[in-house]
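Text of upload.csv, listed as CSV, C-alpha atoms:
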```
chain,number,residue,atom,x,y,z
A,57,MET,CA,111.2,79.0,98.2
A,58,PRO,CA,109.8,79.7,101.6
A,59,LEU,CA,110.3,83.2,103.0
A,60,GLN,CA,113.3,83.6,105.3
A,61,ILE,CA,112.0,84.9,108.7
A,62,VAL,CA,114.1,85.9,111.7
A,63,HIS,CA,112.5,85.7,115.1
A,64,HIS,CA,113.4,85.3,118.8
A,65,PRO,CA,110.9,84.6,121.6
A,66,ASP,CA,112.7,87.3,123.7
A,67,TYR,CA,111.5,90.0,121.2
A,68,ASP,CA,108.7,90.1,123.8
A,69,ALA,CA,110.0,91.8,126.9
A,70,GLY,CA,106.9,91.0,128.9
A,71,PHE,CA,105.3,94.4,129.4
A,72,ALA,CA,101.9,94.6,131.1
A,73,VAL,CA,99.0,94.3,128.7
A,74,ASN,CA,97.9,97.9,129.4
A,75,HIS,CA,101.4,99.4,128.5
A,76,ARG,CA,101.4,102.0,125.8
A,77,PHE,CA,103.8,99.8,123.8
A,78,PRO,CA,101.9,96.6,122.8
A,79,MET,CA,104.7,94.1,123.4
A,80,SER,CA,102.4,91.1,123.0
A,81,LYS,CA,102.2,91.8,119.3
A,82,TYR,CA,105.4,89.8,118.7
A,83,PRO,CA,104.1,86.4,119.8
A,84,LEU,CA,100.8,87.2,118.3
A,85,LEU,CA,102.5,88.0,115.0
A,86,MET,CA,104.2,84.6,115.0
A,87,GLN,CA,100.8,82.9,115.7
A,88,ALA,CA,99.4,84.8,112.8
A,89,LEU,CA,102.3,83.7,110.5
A,90,HIS,CA,101.9,80.1,111.7
A,91,ALA,CA,98.1,80.2,110.9
A,92,ARG,CA,98.9,81.5,107.4
A,93,GLY,CA,101.4,78.7,106.7
A,94,LEU,CA,104.3,81.1,106.4
A,95,ILE,CA,106.6,79.5,109.0
A,96,GLN,CA,108.8,76.8,107.6
A,97,ALA,CA,111.3,75.2,110.0
A,98,ASP,CA,114.1,75.3,107.4
A,99,ALA,CA,113.5,79.1,106.8
A,100,LEU,CA,113.1,80.3,110.4
A,101,SER,CA,116.3,81.7,112.0
A,102,MET,CA,117.0,82.8,115.5
A,103,PRO,CA,119.4,85.7,116.0
A,104,GLU,CA,122.1,86.2,118.6
A,105,PRO,CA,122.3,89.5,120.5
A,106,ALA,CA,124.2,92.1,118.5
A,107,PRO,CA,127.7,92.5,120.0
A,108,ALA,CA,128.7,95.9,121.4
A,109,SER,CA,131.1,96.4,118.5
A,110,TRP,CA,128.2,96.4,116.0
A,111,LEU,CA,126.0,98.7,118.2
A,112,LYS,CA,128.8,101.2,118.7
A,113,LEU,CA,129.0,101.7,114.9
A,114,ALA,CA,125.7,103.4,115.2
A,115,HIS,CA,125.5,104.6,118.7
A,116,ALA,CA,127.6,106.5,121.2
A,117,ALA,CA,129.8,104.0,123.1
A,118,ASP,CA,128.8,105.3,126.5
A,119,TYR,CA,125.1,104.9,125.7
A,120,VAL,CA,125.6,101.3,124.4
A,121,ASP,CA,127.5,100.4,127.6
A,122,GLN,CA,124.6,101.9,129.6
A,123,VAL,CA,122.0,99.8,127.8
A,124,ILE,CA,124.0,96.6,128.2
A,125,ALA,CA,124.6,97.3,131.8
A,126,CYS,CA,121.1,98.5,132.4
A,127,THR,CA,122.3,101.8,133.8
A,128,VAL,CA,120.5,104.1,131.4
A,129,PRO,CA,119.8,107.5,133.1
A,130,GLU,CA,116.2,108.0,134.1
A,131,LYS,CA,115.9,111.1,131.8
A,132,ILE,CA,116.8,109.0,128.8
A,133,GLU,CA,114.5,106.2,129.9
A,134,ARG,CA,111.7,108.7,130.0
A,135,GLU,CA,112.4,109.7,126.4
A,136,ILE,CA,112.5,106.0,125.4
A,137,GLY,CA,109.2,105.4,127.1
A,138,PHE,CA,110.1,102.5,129.4
A,139,PRO,CA,112.8,101.5,131.9
A,140,VAL,CA,115.8,99.6,130.4
A,141,GLY,CA,116.0,96.5,132.5
A,142,LEU,CA,117.5,93.2,131.7
A,143,ARG,CA,114.6,92.0,129.4
A,144,VAL,CA,114.4,95.4,127.5
A,145,SER,CA,118.2,95.4,127.1
A,146,LEU,CA,118.3,91.9,125.8
A,147,ARG,CA,115.4,92.6,123.5
A,148,ALA,CA,117.1,95.6,122.0
A,149,GLN,CA,120.3,93.6,121.4
A,150,LEU,CA,118.4,90.7,119.8
A,151,ALA,CA,116.3,93.0,117.5
A,152,ALA,CA,119.5,94.6,116.2
A,153,GLY,CA,121.1,91.2,115.7
A,154,GLY,CA,117.9,90.0,114.0
A,155,THR,CA,118.0,92.8,111.4
A,156,VAL,CA,121.6,92.1,110.7
A,157,LEU,CA,120.8,88.4,110.2
A,158,ALA,CA,117.7,89.2,108.1
A,159,ALA,CA,119.9,91.5,105.9
A,160,ARG,CA,122.4,88.7,105.4
A,161,LEU,CA,119.7,86.3,104.5
A,162,ALA,CA,118.2,88.8,102.1
A,163,LEU,CA,121.6,89.2,100.3
A,164,VAL,CA,121.7,85.4,99.8
A,165,ASN,CA,118.0,84.7,99.1
A,166,GLY,CA,116.7,88.0,97.7
A,167,ILE,CA,114.3,88.8,100.5
A,168,ALA,CA,114.0,88.2,104.2
A,169,CYS,CA,112.0,89.7,107.1
A,170,ASN,CA,112.7,90.3,110.8
A,171,SER,CA,109.7,89.9,113.0
A,172,ALA,CA,110.8,92.9,115.0
A,173,GLY,CA,112.9,95.9,114.1
A,174,GLY,CA,112.3,99.3,112.6
A,175,SER,CA,113.3,101.2,115.8
A,176,HIS,CA,113.9,104.4,113.9
A,177,HIS,CA,113.8,107.0,116.6
A,178,ALA,CA,116.9,105.8,118.4
A,179,ARG,CA,119.6,108.4,117.6
A,180,ARG,CA,123.3,108.2,117.8
A,181,ALA,CA,123.5,109.6,121.3
A,182,GLN,CA,120.5,107.8,122.8
A,183,GLY,CA,117.2,106.0,122.4
A,184,ALA,CA,113.8,107.7,122.1
A,185,GLY,CA,110.2,107.0,121.1
A,186,PHE,CA,110.0,103.3,122.2
A,187,CYS,CA,113.3,102.7,120.4
A,188,THR,CA,116.4,101.6,122.3
A,189,PHE,CA,118.8,100.7,119.5
A,190,ASN,CA,118.3,101.6,115.9
A,191,ASP,CA,118.5,98.2,114.3
A,192,VAL,CA,118.4,99.3,110.7
A,193,ALA,CA,121.3,101.8,111.2
A,194,VAL,CA,123.2,99.1,113.1
A,195,ALA,CA,122.7,96.6,110.3
A,196,SER,CA,123.6,99.1,107.6
A,197,LEU,CA,126.8,100.2,109.2
A,198,THR,CA,127.7,96.6,110.1
A,199,LEU,CA,127.3,95.4,106.5
A,200,LEU,CA,129.3,98.4,105.2
A,201,ALA,CA,132.1,97.9,107.7
A,202,GLU,CA,132.3,94.2,106.6
A,203,GLY,CA,132.4,95.2,102.9
A,204,ALA,CA,129.3,93.0,102.3
A,205,VAL,CA,127.6,96.0,100.5
A,206,GLN,CA,128.6,99.3,99.0
A,207,ASN,CA,125.2,101.2,98.6
A,208,ILE,CA,122.2,101.0,100.9
A,209,LEU,CA,118.7,102.4,100.5
A,210,ILE,CA,116.4,102.7,103.5
A,211,VAL,CA,112.7,103.1,102.7
A,212,ASP,CA,110.8,104.1,105.9
A,213,LEU,CA,107.0,104.1,105.5
A,214,ASP,CA,106.1,104.2,109.2
A,215,VAL,CA,103.8,107.1,109.9
A,216,HIS,CA,106.5,108.7,112.1
A,217,GLN,CA,109.5,110.3,110.5
A,218,GLY,CA,112.7,108.3,110.7
A,219,ASP,CA,114.6,110.9,112.7
A,220,GLY,CA,117.0,108.6,114.4
A,221,THR,CA,118.1,106.8,111.3
A,222,ALA,CA,118.6,110.2,109.6
A,223,ASP,CA,120.7,111.3,112.5
A,224,ILE,CA,123.0,108.3,112.6
A,225,LEU,CA,123.5,108.0,108.8
A,226,LYS,CA,123.6,111.7,107.9
A,227,ASP,CA,127.4,111.6,107.3
A,228,GLU,CA,127.4,108.2,105.6
A,229,PRO,CA,127.3,108.8,101.8
A,230,ARG,CA,126.8,105.0,101.1
A,231,ALA,CA,123.4,105.0,102.9
A,232,PHE,CA,120.4,106.9,101.5
A,233,THR,CA,117.5,107.5,103.9
A,234,PHE,CA,114.0,108.1,102.7
A,235,SER,CA,111.0,108.7,105.0
A,236,MET,CA,107.4,109.2,104.0
A,237,HIS,CA,105.4,110.0,107.0
A,238,GLY,CA,102.6,112.1,108.6
A,239,GLU,CA,103.5,115.8,108.6
A,240,ARG,CA,101.8,116.5,111.9
A,241,ASN,CA,103.0,113.4,113.8
A,242,TYR,CA,105.8,112.5,116.1
A,243,PRO,CA,108.6,113.6,116.4
A,244,VAL,CA,107.8,117.3,116.7
A,245,ARG,CA,111.4,118.2,115.8
A,246,LYS,CA,112.3,116.1,112.8
A,247,ILE,CA,115.9,115.4,111.6
A,248,ALA,CA,116.2,115.7,107.8
A,249,SER,CA,116.5,112.4,105.9
A,250,ASP,CA,118.2,112.4,102.5
A,251,LEU,CA,114.6,112.6,101.2
A,252,ASP,CA,111.5,113.3,103.3
A,253,VAL,CA,107.9,113.3,102.1
A,254,ALA,CA,105.4,114.6,104.7
A,255,LEU,CA,101.7,113.8,104.1
A,256,PRO,CA,98.6,115.5,105.5
A,257,ASP,CA,96.3,113.8,108.0
A,258,GLY,CA,93.6,111.6,106.3
A,259,THR,CA,95.6,111.0,103.2
A,260,GLY,CA,93.9,107.7,102.5
A,261,ASP,CA,94.8,104.8,100.2
A,262,ALA,CA,94.6,106.3,96.7
A,263,ALA,CA,96.6,109.5,97.4
A,264,TYR,CA,99.2,107.6,99.5
A,265,LEU,CA,99.8,105.0,96.8
A,266,GLU,CA,99.9,107.6,94.0
A,267,ARG,CA,102.6,109.5,95.9
A,268,GLN,CA,104.5,106.4,96.7
A,269,GLY,CA,104.4,105.2,93.1
A,270,SER,CA,105.8,108.4,91.9
A,271,ILE,CA,108.8,108.3,94.2
A,272,LEU,CA,110.0,104.7,93.9
A,273,PRO,CA,111.5,105.1,90.4
A,274,GLU,CA,113.3,108.2,91.7
A,275,LEU,CA,114.8,106.2,94.5
A,276,SER,CA,115.9,103.3,92.4
A,277,GLY,CA,117.5,105.7,89.9
A,278,LYS,CA,119.7,107.3,92.5
A,279,ALA,CA,122.3,104.5,92.8
A,280,ARG,CA,122.9,100.9,92.2
A,281,TRP,CA,121.6,99.7,95.5
A,282,ASP,CA,123.0,96.5,97.0
A,283,ILE,CA,120.1,96.1,99.5
A,284,VAL,CA,117.0,97.9,100.6
A,285,PHE,CA,115.9,98.0,104.2
A,286,TYR,CA,112.1,98.4,104.2
A,287,ASN,CA,110.4,99.7,107.4
A,288,ALA,CA,106.8,98.6,106.9
A,289,GLY,CA,105.3,100.2,110.0
A,290,VAL,CA,101.5,99.8,110.2
A,291,VAL,CA,100.8,103.0,112.2
A,292,VAL,CA,99.5,104.5,108.9
A,293,HIS,CA,96.4,102.3,109.3
A,294,ALA,CA,93.1,104.1,109.9
A,295,GLU,CA,92.4,102.1,113.1
A,296,ASP,CA,95.9,102.7,114.7
A,297,ARG,CA,95.6,105.1,117.7
A,298,LEU,CA,98.9,106.9,116.8
A,299,GLY,CA,98.5,107.3,113.1
A,300,ARG,CA,96.3,109.6,111.1
A,301,LEU,CA,97.0,108.7,107.5
A,302,SER,CA,93.8,106.5,107.2
A,303,LEU,CA,95.1,103.5,105.2
A,304,SER,CA,93.0,100.3,105.0
A,305,ASP,CA,94.2,96.7,105.1
A,306,ALA,CA,94.0,96.7,101.3
A,307,GLY,CA,96.1,99.9,101.3
A,308,LEU,CA,98.8,98.3,103.4
A,309,ARG,CA,98.9,95.3,101.1
A,310,ALA,CA,99.1,97.5,98.0
A,311,ARG,CA,101.8,99.6,99.7
A,312,ASP,CA,104.0,96.6,100.6
A,313,THR,CA,103.4,94.9,97.2
A,314,MET,CA,104.4,98.1,95.4
A,315,VAL,CA,107.6,98.6,97.4
A,316,ILE,CA,108.8,95.0,97.4
A,317,GLY,CA,107.7,94.3,93.8
A,318,HIS,CA,109.5,97.4,92.6
A,319,PHE,CA,112.9,96.5,94.0
A,320,ARG,CA,112.7,92.7,93.5
A,321,ALA,CA,111.9,93.3,89.8
A,322,LEU,CA,115.2,95.1,89.7
A,323,GLY,CA,117.0,92.3,91.4
A,324,ILE,CA,117.7,94.2,94.5
A,325,PRO,CA,117.6,92.3,97.8
A,326,VAL,CA,115.0,93.5,100.3
A,327,CYS,CA,115.2,93.2,104.1
A,328,GLY,CA,111.8,93.9,105.8
A,329,VAL,CA,111.3,95.1,109.4
A,330,ILE,CA,107.9,95.5,111.0
A,331,GLY,CA,108.2,99.1,112.4
A,332,GLY,CA,105.5,100.6,114.6
A,333,GLY,CA,101.9,99.6,115.3
A,334,TYR,CA,100.0,100.7,118.3
A,335,SER,CA,96.4,99.6,118.0
A,336,THR,CA,94.7,98.6,121.3
A,337,ASP,CA,93.3,95.5,119.5
A,338,VAL,CA,96.7,93.7,119.5
A,339,ALA,CA,95.4,90.6,117.6
A,340,ALA,CA,94.2,92.9,114.8
A,341,LEU,CA,97.5,94.7,115.0
A,342,ALA,CA,99.5,91.5,114.6
A,343,ALA,CA,97.4,90.6,111.5
A,344,ARG,CA,98.3,94.0,110.0
A,345,HIS,CA,102.0,93.3,110.6
A,346,ALA,CA,101.5,89.8,109.0
A,347,ILE,CA,100.7,91.5,105.7
A,348,LEU,CA,104.4,92.4,105.2
A,349,PHE,CA,105.2,88.7,105.4
A,350,GLU,CA,102.4,87.6,103.2
A,351,VAL,CA,103.5,89.9,100.5
A,352,ALA,CA,107.2,89.1,101.0
A,353,ALA,CA,106.4,85.4,100.6
A,354,ASP,CA,105.0,86.1,97.2
A,355,PHE,CA,108.5,87.4,96.1
A,356,ALA,CA,110.6,84.7,97.9
```
Give the structure from this file in structure tokens form.
Amino acid sequence: MPLQIVHHPDYDAGFAVNHRFPMSKYPLLMQALHARGLIQADALSMPEPAPASWLKLAHAADYVDQVIACTVPEKIEREIGFPVGLRVSLRAQLAAGGTVLAARLALVNGIACNSAGGSHHARRAQGAGFCTFNDVAVASLTLLAEGAVQNILIVDLDVHQGDGTADILKDEPRAFTFSMHGERNYPVRKIASDLDVALPDGTGDAAYLERQGSILPELSGKARWDIVFYNAGVVVHAEDRLGRLSLSDAGLRARDTMVIGHFRALGIPVCGVIGGGYSTDVAALAARHAILFEVAADFA
């Protein structure tokens, strides 16, 4: 079976090439997936923008209205890291809708990936850290509200702690948040997940994978999970300008294989999102993000 992939061309909001957020990674990721033969027409889906009713399950109603109307206060825009104009607003709505769609496809097919998503710094009250809406939190609460699932596990392996996801889901007992991240990295003030593991700078492949391998059985033993959201951020890579955990390409592949293989062996659906990546070599960055899809395709 081909891997189910969710993508929309408007995931790229058209930032300048020198912007701190490398927006061109989204079309370059799709080029990389085409080059690897991972795009099949009958397994490629295009999302609709998430409706306000979904977004307001995770975010304050006034903030959702501000984003949709492009009236986000400048102070919040500064915390997000860019102005919220029409293209950014649409992109945020589409990415959230894309993760909901990918989750639904995963429930049917066992695994699916969104070619965006993982905006884990957006909190209930507002966005932050290049994240406008928290797509995984939106998808989690939408599936729970619909009764599609009863227990959700979020495995966040971006180098930055998943503070926004922890904030939004802290009072939701049916969703368990796990973040393994760099101890000395953004955000300075972390919001406690259900389980946090903070790693020192320069951890490297071997120590990282050993720690991860010890935790996965603990996570799968906590409940009978109906779905796992996997944030496969590549900021952990040695050549990423914002990450300091020093993983290699082989380390990324082993990480993704370990996570996806563990939960698929248990018959648990996995929804993958790409998370962060900030290398100035955007083509190389897109190739790192493509590793998630290459690994996921092996389990499709």
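Residues lying at most 10 Å from (120.0, 87.0, 105.5) in file coordinates, with only C-alpha atoms considered, are A:Gln60, A:Ile61, A:Val62, A:Ser101, A:Gly154, A:Thr155, A:Val156, A:Leu157, A:Ala158, A:Ala159, A:Arg160, A:Leu161, A:Ala162, A:Leu163, A:Val164, A:Asn165, A:Gly166, A:Ile167, A:Ala168, A:Cys169, A:Asn170, A:Pro325, A:Val326, A:Cys327.
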Within 12 Å of segment 115-134 of chain A, which residues of segment 194-241 of chain A come that close, and what is the closest atom pair and distance in Å for each? Count all atoms listed in the file and give it as a Markdown table.
```
| residue | atom | partner | partner_atom | distance |
| --- | --- | --- | --- | --- |
| A:Val194 | CA | A:His115 | CA | 8.2 |
| A:Ala195 | CA | A:His115 | CA | 11.9 |
| A:Leu197 | CA | A:His115 | CA | 10.5 |
| A:Thr198 | CA | A:His115 | CA | 11.9 |
| A:Gly220 | CA | A:His115 | CA | 10.3 |
| A:Thr221 | CA | A:His115 | CA | 10.7 |
| A:Asp223 | CA | A:His115 | CA | 10.3 |
| A:Ile224 | CA | A:His115 | CA | 7.6 |
| A:Leu225 | CA | A:His115 | CA | 10.7 |
```
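For the atom pair formed by atom CA of Glu350 of chain A and atom CA of Ala222 of chain A, the distance is 28.5 Å, given to one decimal.
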**Message:** Taking all atoms listed in the file into account, name the residue in A:Ala248, A:Ile210, A:Leu150, A:Val73 that is nearest to Val315 of chain A.
**Reply:**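 Of A:Ala248, A:Ile210, A:Leu150, A:Val73, the one nearest Val315 of chain A, counting all atoms listed in the file, is A:Ile210.
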**Message:** Using only C-alpha atoms, can you tell me which of A:Lys278, A:Ile247, A:Phe285, A:Arg311 comes closest to Val192 of chain A?
**Reply:** A:Phe285
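Here atom CA of Ala69 of chain A is placed at a distance of 27.5 Å from atom CA of Arg300 of chain A.
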**Request:** Could you check how far atom CA of Pro243 of chain A sits from atom CA of Gln217 of chain A, in Å to one decimal?
**Result:**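 Between atom CA of Pro243 of chain A and atom CA of Gln217 of chain A the gap is 6.8 Å.
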**Prompt:** How would you write as JSON, numbers by chain the residues that get within 12 Å of (106.0, 91.4, 121.9) in the file's frame, counting only C-alpha atoms?
**Reply:** {"A": [63, 64, 65, 66, 67, 68, 69, 70, 71, 72, 73, 75, 77, 78, 79, 80, 81, 82, 83, 84, 85, 86, 87, 143, 144, 147, 148, 151, 171, 172, 173, 330, 332, 333, 334, 338, 339, 341, 342]}
**Asked** Excluding same-chain residues fewer than 6 positions from Phe355 of chain A, what lies within 8 Å of it counting only C-alpha atoms, as a list in words?
**Response**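 Those residues are Ile167, Ile316, Gly317 and Arg320 of chain A.
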Residues from last step as file, C-alpha atoms, as a CSV table (one decimal), in the frame of the given file:
```csv
chain,number,residue,atom,x,y,z
A,167,ILE,CA,114.3,88.8,100.5
A,316,ILE,CA,108.8,95.0,97.4
A,317,GLY,CA,107.7,94.3,93.8
A,320,ARG,CA,112.7,92.7,93.5
```
**Prompt:** Which neighbours of Asn241 of chain A fall inside 12 Å, counting all atoms listed in the file, when residues of the same chain fewer than 6 positions from it are skipped, and could you give them as a list in words?
**Reply:**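 So, after excluding close chain neighbours, the residues are Asp214, Val215, His216, Gln217, Gly218, Asp219, Ala254, Leu255, Pro256, Asp257, Val291, Val292, Arg297, Leu298, Gly299, Arg300 and Leu301 of chain A.
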**Nearest to Leu213 of chain A, chosen from A:Ala88, A:Met236, A:Leu322, A:Ala231, with all atoms listed in the file counted in the distances** =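 Distance minimum relative to Leu213 of chain A lands on A:Met236.
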**Message:** For Gln206 of chain A, find every residue with an atom within 8 Å (counting only C-alpha atoms), except residues of its own chain fewer than 3 positions away, and show them as a PyMOL selection string.
**Reply:** chain A and resi 200+203+230+281-282
Same residues, C-alpha atoms, output as an mmCIF file, in the frame of the given file:
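File written: again_19.cif
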```
data_model
loop_
_atom_site.group_PDB
_atom_site.id
_atom_site.type_symbol
_atom_site.label_atom_id
_atom_site.label_comp_id
_atom_site.auth_asym_id
_atom_site.auth_seq_id
_atom_site.Cartn_x
_atom_site.Cartn_y
_atom_site.Cartn_z
ATOM 1 C CA LEU A 200 129.300 98.400 105.200
ATOM 2 C CA GLY A 203 132.400 95.200 102.900
ATOM 3 C CA ARG A 230 126.800 105.000 101.100
ATOM 4 C CA TRP A 281 121.600 99.700 95.500
ATOM 5 C CA ASP A 282 123.000 96.500 97.000
#
```
**Asked** Nearest to Arg180 of chain A: which of A:Lys112, A:Arg344, A:His237, A:Arg245 is it, counting only C-alpha atoms?
**Response** A:Lys112
